[in-house]
>>> print(open('entry-v2.txt').read())   # compact mmCIF, C-alpha atoms
# COMPACT_ATOMS: atom_id res chain seq x y z
CA MET Z 465 114.56 -173.75 -129.38
CA LEU Z 466 111.23 -173.50 -127.52
CA PRO Z 467 108.69 -170.67 -128.11
CA SER Z 468 109.95 -169.05 -124.90
CA GLY Z 469 113.45 -168.94 -126.35
CA LEU Z 470 114.73 -171.51 -123.87
CA ALA Z 471 116.66 -174.60 -124.88
CA GLU Z 472 114.77 -177.82 -125.48
CA VAL Z 473 116.82 -179.57 -122.85
CA VAL Z 474 116.81 -178.36 -119.25
CA ALA Z 475 120.41 -177.99 -118.22
CA ASP Z 476 121.62 -179.29 -114.86
CA GLU Z 477 122.63 -175.82 -113.74
CA GLU Z 478 119.25 -174.26 -114.54
CA ASP Z 479 117.19 -172.94 -111.65
CA LEU Z 480 113.66 -174.29 -111.29
CA ALA Z 481 110.92 -172.57 -109.31
CA ARG Z 482 108.12 -174.44 -107.60
CA PHE Z 483 105.54 -171.84 -106.66
CA LEU Z 484 104.12 -172.01 -103.13
CA THR Z 485 100.38 -171.47 -102.87
CA GLN Z 486 99.79 -173.22 -99.54
CA SER Z 487 100.95 -171.47 -96.38
CA SER Z 488 101.55 -174.80 -94.65
CA HIS Z 489 103.99 -175.95 -97.35
CA PHE Z 490 106.87 -173.93 -95.97
CA ASN Z 491 108.24 -172.02 -93.04
CA THR Z 492 110.78 -169.23 -93.15
CA GLU Z 493 113.70 -171.66 -93.22
CA ILE Z 494 112.58 -174.61 -95.24
CA VAL Z 495 110.16 -175.88 -97.87
CA LYS Z 496 108.33 -179.04 -96.86
CA PRO Z 497 108.29 -182.17 -99.01
CA ALA Z 498 104.53 -181.92 -99.57
CA ALA Z 499 105.19 -178.83 -101.70
CA VAL Z 500 106.93 -180.78 -104.44
CA LEU Z 501 105.01 -184.06 -104.43
CA PRO Z 502 103.43 -184.92 -107.79
CA SER Z 503 99.84 -184.36 -108.77
CA PRO Z 504 97.84 -187.62 -108.60
CA LYS Z 505 96.15 -186.49 -111.81
CA SER Z 506 99.14 -185.73 -114.05
CA ARG Z 507 101.70 -187.70 -112.02
CA GLU Z 508 104.14 -184.83 -112.38
CA THR Z 509 105.23 -181.71 -110.52
CA SER Z 510 104.93 -178.40 -112.32
CA VAL Z 511 107.88 -176.02 -112.16
CA SER Z 512 109.04 -172.93 -114.00
CA ARG Z 513 112.47 -172.52 -115.48
CA HIS Z 514 113.41 -169.41 -113.57
CA GLY Z 515 115.66 -168.54 -110.67
CA ARG Z 516 115.53 -165.97 -107.86
CA SER Z 517 116.30 -163.04 -110.11
CA PRO Z 518 114.92 -160.89 -111.41
CA LEU Z 519 112.27 -161.24 -108.72
CA ASP Z 520 109.64 -159.21 -110.53
CA VAL Z 521 109.73 -161.67 -113.43
CA LEU Z 522 109.64 -164.63 -111.04
CA TRP Z 523 106.53 -163.27 -109.33
CA ALA Z 524 104.86 -162.41 -112.62
CA ILE Z 525 105.25 -166.02 -113.75
CA GLY Z 526 104.14 -167.22 -110.31
CA LEU Z 527 101.01 -165.11 -110.26
CA GLU Z 528 100.06 -166.42 -113.67
CA ALA Z 529 100.61 -169.99 -112.46
CA ALA Z 530 98.77 -169.44 -109.16
CA GLY Z 531 95.64 -168.09 -110.81
CA THR Z 532 93.10 -167.33 -108.11
CA ARG Z 533 95.21 -168.90 -105.39
CA ARG Z 534 97.46 -166.78 -103.21
CA LEU Z 535 101.13 -166.83 -104.13
CA TYR Z 536 103.33 -166.97 -101.03
CA GLY Z 537 106.69 -167.55 -102.66
CA ALA Z 538 108.74 -170.16 -104.43
CA ALA Z 539 111.09 -173.01 -103.75
CA ILE Z 540 114.13 -172.64 -105.98
CA PHE Z 541 116.41 -175.56 -106.79
CA LYS Z 542 118.71 -176.69 -109.59
CA ALA Z 543 117.63 -179.18 -112.21
CA ALA Z 544 120.61 -181.21 -111.05
CA ALA Z 545 118.91 -181.71 -107.67
CA VAL Z 546 115.92 -183.29 -109.42
CA ARG Z 547 118.18 -185.60 -111.39
CA ALA Z 548 120.13 -186.47 -108.25
CA ALA Z 549 116.84 -187.83 -106.91
CA LEU Z 550 116.69 -190.01 -110.05
CA LEU Z 551 113.76 -188.00 -111.41
CA THR Z 552 113.67 -186.24 -114.74
CA VAL Z 553 112.77 -182.70 -115.71
CA GLU Z 554 111.50 -181.83 -119.15
CA PRO Z 555 110.21 -178.66 -120.79
CA ASN Z 556 106.42 -178.58 -121.03
CA GLU Z 557 105.35 -175.37 -122.77
CA PRO Z 558 102.95 -173.63 -122.90
CA PRO Z 559 102.88 -171.67 -120.72
CA PRO Z 560 106.30 -170.20 -121.41
CA ARG Z 561 109.09 -171.51 -119.19
CA HIS Z 562 106.91 -174.32 -117.85
CA ALA Z 563 108.58 -177.65 -117.14
CA ALA Z 564 107.58 -180.86 -115.43
CA ILE Z 565 109.31 -183.13 -112.95
CA LEU Z 566 108.59 -186.66 -114.12
CA GLY Z 567 109.43 -190.22 -113.20
CA TRP Z 568 107.88 -190.34 -109.73
CA PRO Z 569 107.42 -193.89 -108.44
CA TRP Z 570 103.86 -195.08 -108.96
CA MET Z 571 102.60 -198.34 -107.44
CA GLU Z 572 98.89 -198.96 -107.83
CA SER Z 573 99.12 -202.10 -105.68
CA ASP Z 574 100.64 -200.34 -102.69
CA PRO Z 575 99.75 -196.64 -102.42
CA GLU Z 576 101.43 -196.23 -99.03
CA LEU Z 577 104.74 -197.60 -100.26
CA GLN Z 578 104.38 -195.37 -103.31
CA ARG Z 579 103.82 -192.39 -101.01
CA ALA Z 580 106.87 -193.29 -98.90
CA LYS Z 581 109.10 -193.58 -101.97
CA GLN Z 582 107.83 -190.30 -103.38
CA LYS Z 583 108.34 -188.59 -100.04
CA GLU Z 584 111.97 -189.64 -99.82
CA LEU Z 585 112.63 -188.15 -103.26
CA ALA Z 586 110.71 -185.00 -102.33
CA LEU Z 587 112.91 -184.67 -99.24
CA LEU Z 588 115.99 -184.65 -101.44
CA ILE Z 589 114.59 -181.86 -103.60
CA VAL Z 590 113.48 -179.60 -100.72
CA SER Z 591 116.78 -180.21 -98.98
CA ALA Z 592 118.54 -178.87 -102.07
CA ALA Z 593 116.14 -175.92 -102.22
CA GLY Z 594 116.83 -174.62 -98.72
CA ALA Z 595 114.94 -171.54 -97.59
CA PRO Z 596 112.03 -170.43 -99.75
CA GLU Z 597 112.01 -167.16 -101.65
CA LEU Z 598 109.03 -165.36 -100.11
CA ARG Z 599 107.03 -162.51 -101.56
CA MET H 143 105.15 -168.30 -41.84
CA PRO H 144 103.77 -170.55 -44.54
CA GLU H 145 103.40 -168.92 -47.92
CA THR H 146 100.02 -167.84 -49.08
CA ILE H 147 98.86 -169.90 -52.00
CA SER H 148 96.90 -167.89 -54.48
CA ALA H 149 94.59 -169.45 -56.98
CA ARG H 150 96.43 -167.39 -59.56
CA ASN H 151 99.62 -169.30 -58.83
CA VAL H 152 98.03 -172.71 -58.63
CA LEU H 153 96.22 -172.20 -61.90
CA GLY H 154 99.52 -171.59 -63.61
CA LEU H 155 99.20 -167.88 -64.23
CA SER H 156 102.66 -167.70 -62.75
CA PRO H 157 105.11 -170.60 -62.70
CA PRO H 158 103.72 -173.17 -60.24
CA TYR H 159 106.89 -175.25 -60.05
CA SER H 160 108.63 -173.03 -57.59
CA LEU H 161 105.50 -172.92 -55.50
CA ALA H 162 105.36 -176.67 -55.20
CA ARG H 163 109.06 -177.28 -54.86
CA GLU H 164 110.15 -174.45 -52.61
CA MET H 165 107.29 -173.87 -50.26
CA ILE H 166 108.42 -174.61 -46.70
CA ALA H 167 105.93 -176.68 -44.80
CA VAL H 168 105.75 -175.79 -41.11
CA SER H 169 102.79 -177.88 -40.04
CA THR H 170 100.70 -180.85 -41.04
CA ALA H 171 98.19 -178.49 -42.53
CA ALA H 172 100.90 -176.78 -44.49
CA HIS H 173 102.16 -180.17 -45.67
CA ALA H 174 98.70 -181.01 -46.94
CA VAL H 175 98.57 -177.70 -48.74
CA GLN H 176 101.98 -178.37 -50.26
CA LYS H 177 100.84 -181.77 -51.52
CA ALA H 178 97.73 -180.20 -52.99
CA ALA H 179 99.92 -177.68 -54.75
CA SER H 180 102.16 -180.45 -56.10
CA ASP H 181 99.15 -182.32 -57.38
CA GLU H 182 97.99 -179.14 -59.02
CA VAL H 183 101.37 -178.78 -60.73
CA VAL H 184 101.05 -182.26 -62.17
CA ARG H 185 97.49 -181.52 -63.28
CA ALA H 186 98.55 -178.20 -64.79
CA GLU H 187 101.39 -179.88 -66.66
CA ARG H 188 99.03 -182.50 -68.03
CA THR H 189 96.68 -179.76 -69.11
CA ARG H 190 99.53 -177.90 -70.72
CA THR H 191 100.63 -181.03 -72.60
CA PHE H 192 97.14 -181.73 -73.73
CA GLY H 193 96.84 -178.09 -74.65
CA GLY H 194 99.74 -178.52 -77.09
CA LYS H 195 98.12 -181.55 -78.61
CA ALA H 196 94.76 -179.80 -78.72
CA ASP H 197 96.38 -176.98 -80.69
CA ALA H 198 97.95 -179.50 -83.05
CA ILE H 199 94.63 -181.27 -83.57
CA SER H 200 92.99 -177.93 -84.22
CA GLN H 201 95.61 -177.23 -86.90
CA ILE H 202 94.82 -180.56 -88.54
CA TRP H 203 91.12 -179.71 -88.72
CA THR H 204 91.91 -176.26 -90.12
CA LEU H 205 94.07 -177.85 -92.79
CA ALA H 206 91.33 -180.33 -93.63
CA ASN H 207 88.81 -177.51 -94.01
CA GLU H 208 91.16 -175.60 -96.31
CA CYS H 209 91.69 -178.70 -98.45
CA ALA H 210 88.20 -180.18 -98.33
CA THR H 211 87.37 -179.68 -101.99
CA PRO H 212 88.91 -181.47 -104.97
CA ASP H 213 91.68 -179.60 -106.78
CA TRP H 214 92.50 -177.41 -103.77
CA ASN H 215 95.95 -176.79 -105.24
CA GLY H 216 94.82 -176.12 -108.81
CA GLU H 217 96.73 -179.21 -109.97
CA GLY H 218 94.19 -181.93 -109.38
CA ALA H 219 94.81 -182.58 -105.67
CA LEU H 220 92.44 -184.89 -103.84
CA PRO H 221 90.55 -183.53 -100.83
CA ILE H 222 91.67 -184.47 -97.34
CA ALA H 223 89.25 -187.16 -96.19
CA GLN H 224 87.72 -187.10 -92.74
CA LEU H 225 89.19 -190.55 -92.10
CA ALA H 226 92.68 -189.12 -92.70
CA VAL H 227 91.91 -186.42 -90.13
CA PHE H 228 90.83 -189.07 -87.60
CA GLU H 229 94.01 -191.06 -88.24
CA ALA H 230 96.18 -187.97 -87.89
CA THR H 231 94.52 -186.84 -84.67
CA ALA H 232 94.84 -190.36 -83.23
CA PHE H 233 98.53 -190.28 -84.11
CA ILE H 234 99.00 -186.97 -82.32
CA ARG H 235 97.17 -188.27 -79.23
CA ALA H 236 99.36 -191.38 -79.29
CA LEU H 237 102.64 -189.43 -79.32
CA PRO H 238 104.38 -189.98 -75.98
CA ASP H 239 105.04 -187.01 -73.74
CA GLY H 240 108.33 -185.34 -74.46
CA ILE H 241 108.15 -185.89 -78.21
CA PRO H 242 107.88 -182.54 -80.00
CA LEU H 243 104.78 -182.02 -82.05
CA PRO H 244 105.19 -181.90 -85.83
CA GLU H 245 104.30 -179.31 -88.42
CA PHE H 246 101.44 -180.23 -90.76
CA ALA H 247 100.99 -179.92 -94.50
CA PRO H 248 98.45 -181.19 -97.02
CA GLU H 249 99.65 -183.61 -99.68
CA PRO H 250 98.23 -183.72 -103.21
CA ASP H 251 96.85 -187.25 -102.76
CA GLY H 252 94.71 -186.13 -99.79
CA SER H 253 97.09 -187.30 -97.09
CA ILE H 254 98.31 -185.17 -94.21
CA SER H 255 102.05 -184.77 -93.81
CA LEU H 256 103.47 -184.65 -90.28
CA ASP H 257 106.93 -183.13 -90.45
CA TRP H 258 109.68 -182.99 -87.85
CA ILE H 259 112.29 -180.62 -89.22
CA ARG H 260 115.67 -179.97 -87.64
CA SER H 261 117.41 -178.41 -90.61
CA ARG H 262 117.34 -178.59 -94.40
CA SER H 263 119.14 -181.91 -94.28
CA ASN H 264 117.46 -183.38 -91.20
CA PHE H 265 113.84 -184.30 -91.70
CA PHE H 266 111.46 -186.97 -90.55
CA SER H 267 108.16 -186.97 -92.37
CA VAL H 268 105.08 -189.19 -91.90
CA SER H 269 102.11 -189.32 -94.27
CA VAL H 270 98.75 -190.10 -92.76
CA GLY H 271 96.00 -191.05 -95.17
CA THR H 272 92.84 -193.09 -94.99
CA SER H 273 94.63 -196.37 -94.37
CA ASP H 274 96.11 -197.67 -91.13
CA ARG H 275 99.45 -197.98 -92.94
CA LEU H 276 101.66 -194.93 -92.53
CA ALA H 277 104.19 -193.94 -95.16
CA TYR H 278 107.29 -192.27 -93.81
CA ALA H 279 110.65 -191.06 -95.04
CA TRP H 280 113.66 -189.45 -93.50
CA LEU H 281 116.74 -187.53 -94.40
CA ASP H 282 119.61 -187.35 -91.94
CA GLY H 283 122.59 -185.76 -93.57
CA THR H 284 123.61 -188.19 -96.26
CA ASP H 285 121.54 -191.02 -94.79
CA ARG H 286 118.01 -191.35 -96.11
CA GLY H 287 115.25 -193.88 -96.48
CA HIS H 288 111.57 -194.68 -96.50
CA ALA H 289 109.23 -197.33 -95.14
CA VAL H 290 105.65 -198.14 -94.21
CA ALA H 291 104.38 -199.05 -90.74
CA ARG H 292 101.00 -200.08 -89.43
CA PHE H 293 99.32 -197.79 -86.88
CA ASP H 294 96.85 -199.41 -84.50
CA GLY H 295 95.33 -196.10 -83.47
CA ASP H 296 96.77 -196.26 -79.95
CA SER H 297 100.55 -196.57 -80.15
CA VAL H 298 102.95 -194.84 -82.49
CA PRO H 299 104.80 -197.57 -84.44
CA SER H 300 108.16 -198.13 -82.77
CA ARG H 301 110.20 -197.59 -85.95
CA ILE H 302 108.56 -194.21 -86.47
CA LEU H 303 109.02 -193.25 -82.84
CA GLU H 304 112.70 -194.21 -82.97
CA GLY H 305 113.14 -192.13 -86.09
CA ILE H 306 111.58 -189.06 -84.50
CA LYS H 307 113.63 -189.57 -81.33
CA ALA H 308 116.83 -189.87 -83.34
CA LEU H 309 116.07 -186.57 -85.05
CA VAL H 310 115.24 -184.85 -81.76
CA GLN H 311 118.25 -186.30 -79.94
CA GLY H 312 120.46 -185.19 -82.81
CA ALA H 313 119.15 -181.69 -82.27
CA ASN H 314 119.91 -181.94 -78.55
CA ALA H 315 123.39 -183.27 -79.26
CA ALA H 316 124.02 -180.36 -81.57
CA VAL H 317 123.45 -177.82 -78.82
CA ARG H 318 124.92 -179.81 -75.93
CA PRO H 319 127.96 -178.00 -74.50
CA ARG H 320 131.25 -179.90 -74.56
>>> encode(input="entry-v2.txt", output="structure tokens")
Amino acid sequence: MLPSGLAEVVADEEDLARFLTQSSHFNTEIVKPAAVLPSPKSRETSVSRHGRSPLDVLWAIGLEAAGTRRLYGAAIFKAAAVRAALLTVEPNEPPPRHAAILGWPWMESDPELQRAKQKELALLIVSAAGAPELR
Amino acid sequence: MPETISARNVLGLSPPYSLAREMIAVSTAAHAVQKAASDEVVRAERTRTFGGKADAISQIWTLANECATPDWNGEGALPIAQLAVFEATAFIRALPDGIPLPEFAPEPDGSISLDWIRSRSNFFSVSVGTSDRLAYAWLDGTDRGHAVARFDGDSVPSRILEGIKALVQGANAAVRPR
């Protein structure tokens, strides 16, 4: 059991929230792939293990994660969608409920091909997410 | 009586198409006026098209300004380089008429994403960075893929153009009456 009380393994049916802090990363109907691409620094994508409800808890976690940046909303998708893209998701606390999407393709010798591969996987995740939950 | 042509009409403040197409010429002078009006329609259309691209290019610059500093997303993102902006604006200028303009988004590695979105399962997305090689990926129902194509700065790579057209034509097919 993790300090947050969550299980040490992220279950397929668990909801994951990717908080949206860039207005151009979504429209009212869809989240764009850029929103879930990995950080070039950590090579992972940060998510929180929380679904659409209760919304007040979701936004409290999101505001903490956003820091000084504006929080517009969240993309919500199942852990199974991440695994369907052949990526992994693992708990990464603290902060509580934090998890990371790992296993993104990384190719130092061909950054454009790396970007293309990552983008295809990101498309799968945002497709599973559907419309964003907006504040 | 020939119609009176107002500058307001010719300048596109009301639809100029009907003016050019429906005006009845009753004399050589009127014919000349009609041709001038037609030319003006073409010019206005070109301006309108360029206007769309100008708006798109303006959006790219706005995005670049918003993401000009390292760590703009709080997760270690790289700033959008000016060269990426030049590449992206060249790509927009190179898009043939009739191709819808994309939506834009910053990517954590400092690239600019150009997204054509039809639905949650129909995407075509191009990444423009500082290289002349463009990364792109698509999702079309259950079909998906990715590739890289070289951009010469003048012509959109044919494989990318075909991908965008396929997405757009799919959208047209979806609304075409039977």
>>> residues_near_point(input="entry-v2.txt", point="(121.1, -175.1, -116.8)", cutoff="12 Å", atoms="all atoms listed in the file", output="list of chain:residue names")
Z:Leu470, Z:Ala471, Z:Glu472, Z:Val473, Z:Val474, Z:Ala475, Z:Asp476, Z:Glu477, Z:Glu478, Z:Asp479, Z:Leu480, Z:Arg513, Z:His514, Z:Gly515, Z:Phe541, Z:Lys542, Z:Ala543, Z:Ala544, Z:Ala545, Z:Val553, Z:Glu554
>>> write_last_selection(input="entry-v2.txt", atoms="C-alpha atoms", output="compact mmCIF listing (two decimals), keeping the file's coordinate frame")
# COMPACT_ATOMS: atom_id res chain seq x y z
CA LEU Z 470 114.73 -171.51 -123.87
CA ALA Z 471 116.66 -174.60 -124.88
CA GLU Z 472 114.77 -177.82 -125.48
CA VAL Z 473 116.82 -179.57 -122.85
CA VAL Z 474 116.81 -178.36 -119.25
CA ALA Z 475 120.41 -177.99 -118.22
CA ASP Z 476 121.62 -179.29 -114.86
CA GLU Z 477 122.63 -175.82 -113.74
CA GLU Z 478 119.25 -174.26 -114.54
CA ASP Z 479 117.19 -172.94 -111.65
CA LEU Z 480 113.66 -174.29 -111.29
CA ARG Z 513 112.47 -172.52 -115.48
CA HIS Z 514 113.41 -169.41 -113.57
CA GLY Z 515 115.66 -168.54 -110.67
CA PHE Z 541 116.41 -175.56 -106.79
CA LYS Z 542 118.71 -176.69 -109.59
CA ALA Z 543 117.63 -179.18 -112.21
CA ALA Z 544 120.61 -181.21 -111.05
CA ALA Z 545 118.91 -181.71 -107.67
CA VAL Z 553 112.77 -182.70 -115.71
CA GLU Z 554 111.50 -181.83 -119.15
>>> interface_residues(input="entry-v2.txt", of="chain H", to="chain Z", cutoff="8 Å", atoms="all atoms listed in the file", output="number ranges by chain")
H: 215-220, 246-251, 255, 257, 261-263, 265, 267, 269, 275-281, 286-290
>>> write_last_selection(input="entry-v2.txt", atoms="C-alpha atoms", output="PDB file, in the coordinates of the input")
ATOM      1  CA  ASN H 215      95.950-176.790-105.240  1.00  0.00           C
ATOM      2  CA  GLY H 216      94.820-176.120-108.810  1.00  0.00           C
ATOM      3  CA  GLU H 217      96.730-179.210-109.970  1.00  0.00           C
ATOM      4  CA  GLY H 218      94.190-181.930-109.380  1.00  0.00           C
ATOM      5  CA  ALA H 219      94.810-182.580-105.670  1.00  0.00           C
ATOM      6  CA  LEU H 220      92.440-184.890-103.840  1.00  0.00           C
ATOM      7  CA  PHE H 246     101.440-180.230 -90.760  1.00  0.00           C
ATOM      8  CA  ALA H 247     100.990-179.920 -94.500  1.00  0.00           C
ATOM      9  CA  PRO H 248      98.450-181.190 -97.020  1.00  0.00           C
ATOM     10  CA  GLU H 249      99.650-183.610 -99.680  1.00  0.00           C
ATOM     11  CA  PRO H 250      98.230-183.720-103.210  1.00  0.00           C
ATOM     12  CA  ASP H 251      96.850-187.250-102.760  1.00  0.00           C
ATOM     13  CA  SER H 255     102.050-184.770 -93.810  1.00  0.00           C
ATOM     14  CA  ASP H 257     106.930-183.130 -90.450  1.00  0.00           C
ATOM     15  CA  SER H 261     117.410-178.410 -90.610  1.00  0.00           C
ATOM     16  CA  ARG H 262     117.340-178.590 -94.400  1.00  0.00           C
ATOM     17  CA  SER H 263     119.140-181.910 -94.280  1.00  0.00           C
ATOM     18  CA  PHE H 265     113.840-184.300 -91.700  1.00  0.00           C
ATOM     19  CA  SER H 267     108.160-186.970 -92.370  1.00  0.00           C
ATOM     20  CA  SER H 269     102.110-189.320 -94.270  1.00  0.00           C
ATOM     21  CA  ARG H 275      99.450-197.980 -92.940  1.00  0.00           C
ATOM     22  CA  LEU H 276     101.660-194.930 -92.530  1.00  0.00           C
ATOM     23  CA  ALA H 277     104.190-193.940 -95.160  1.00  0.00           C
ATOM     24  CA  TYR H 278     107.290-192.270 -93.810  1.00  0.00           C
ATOM     25  CA  ALA H 279     110.650-191.060 -95.040  1.00  0.00           C
ATOM     26  CA  TRP H 280     113.660-189.450 -93.500  1.00  0.00           C
ATOM     27  CA  LEU H 281     116.740-187.530 -94.400  1.00  0.00           C
ATOM     28  CA  ARG H 286     118.010-191.350 -96.110  1.00  0.00           C
ATOM     29  CA  GLY H 287     115.250-193.880 -96.480  1.00  0.00           C
ATOM     30  CA  HIS H 288     111.570-194.680 -96.500  1.00  0.00           C
ATOM     31  CA  ALA H 289     109.230-197.330 -95.140  1.00  0.00           C
ATOM     32  CA  VAL H 290     105.650-198.140 -94.210  1.00  0.00           C
TER      33      VAL H 290
END
>>> closest_residue(input="entry-v2.txt", among="Z:Ala524, Z:Met571, Z:Phe483, Z:Gly537", to="Leu598 of chain Z", atoms="all atoms listed in the file")
Z:Gly537
>>> atom_distance(input="entry-v2.txt", atom1="atom CA of Val270 of chain H", atom2="atom CA of Val227 of chain H")
8.2 Å
>>> atom_distance(input="entry-v2.txt", atom1="atom CA of Leu256 of chain H", atom2="atom CA of Thr284 of chain H")
21.3 Å
>>> axis_aligned_box(input="entry-v2.txt", around="segment 274-292 of chain H", padding_each_side="5 Å", output="AutoDock Vina command-line options")
--center_x 109.9 --center_y -192.9 --center_z -93.0 --size_x 37.5 --size_y 24.3 --size_z 17.1
>>> atom_distance(input="entry-v2.txt", atom1="atom CA of Ala481 of chain Z", atom2="atom CA of Ser468 of chain Z")
16.0 Å
>>> closest_residue(input="entry-v2.txt", among="H:Pro242, H:Val298, H:Asp274, H:Asp197", to="Val310 of chain H", atoms="only C-alpha atoms")
H:Pro242
>>> closest_residue(input="entry-v2.txt", among="Z:Ile540, Z:Leu550, Z:Arg482, Z:Met465", to="Ala564 of chain Z", atoms="all atoms listed in the file")
Z:Arg482
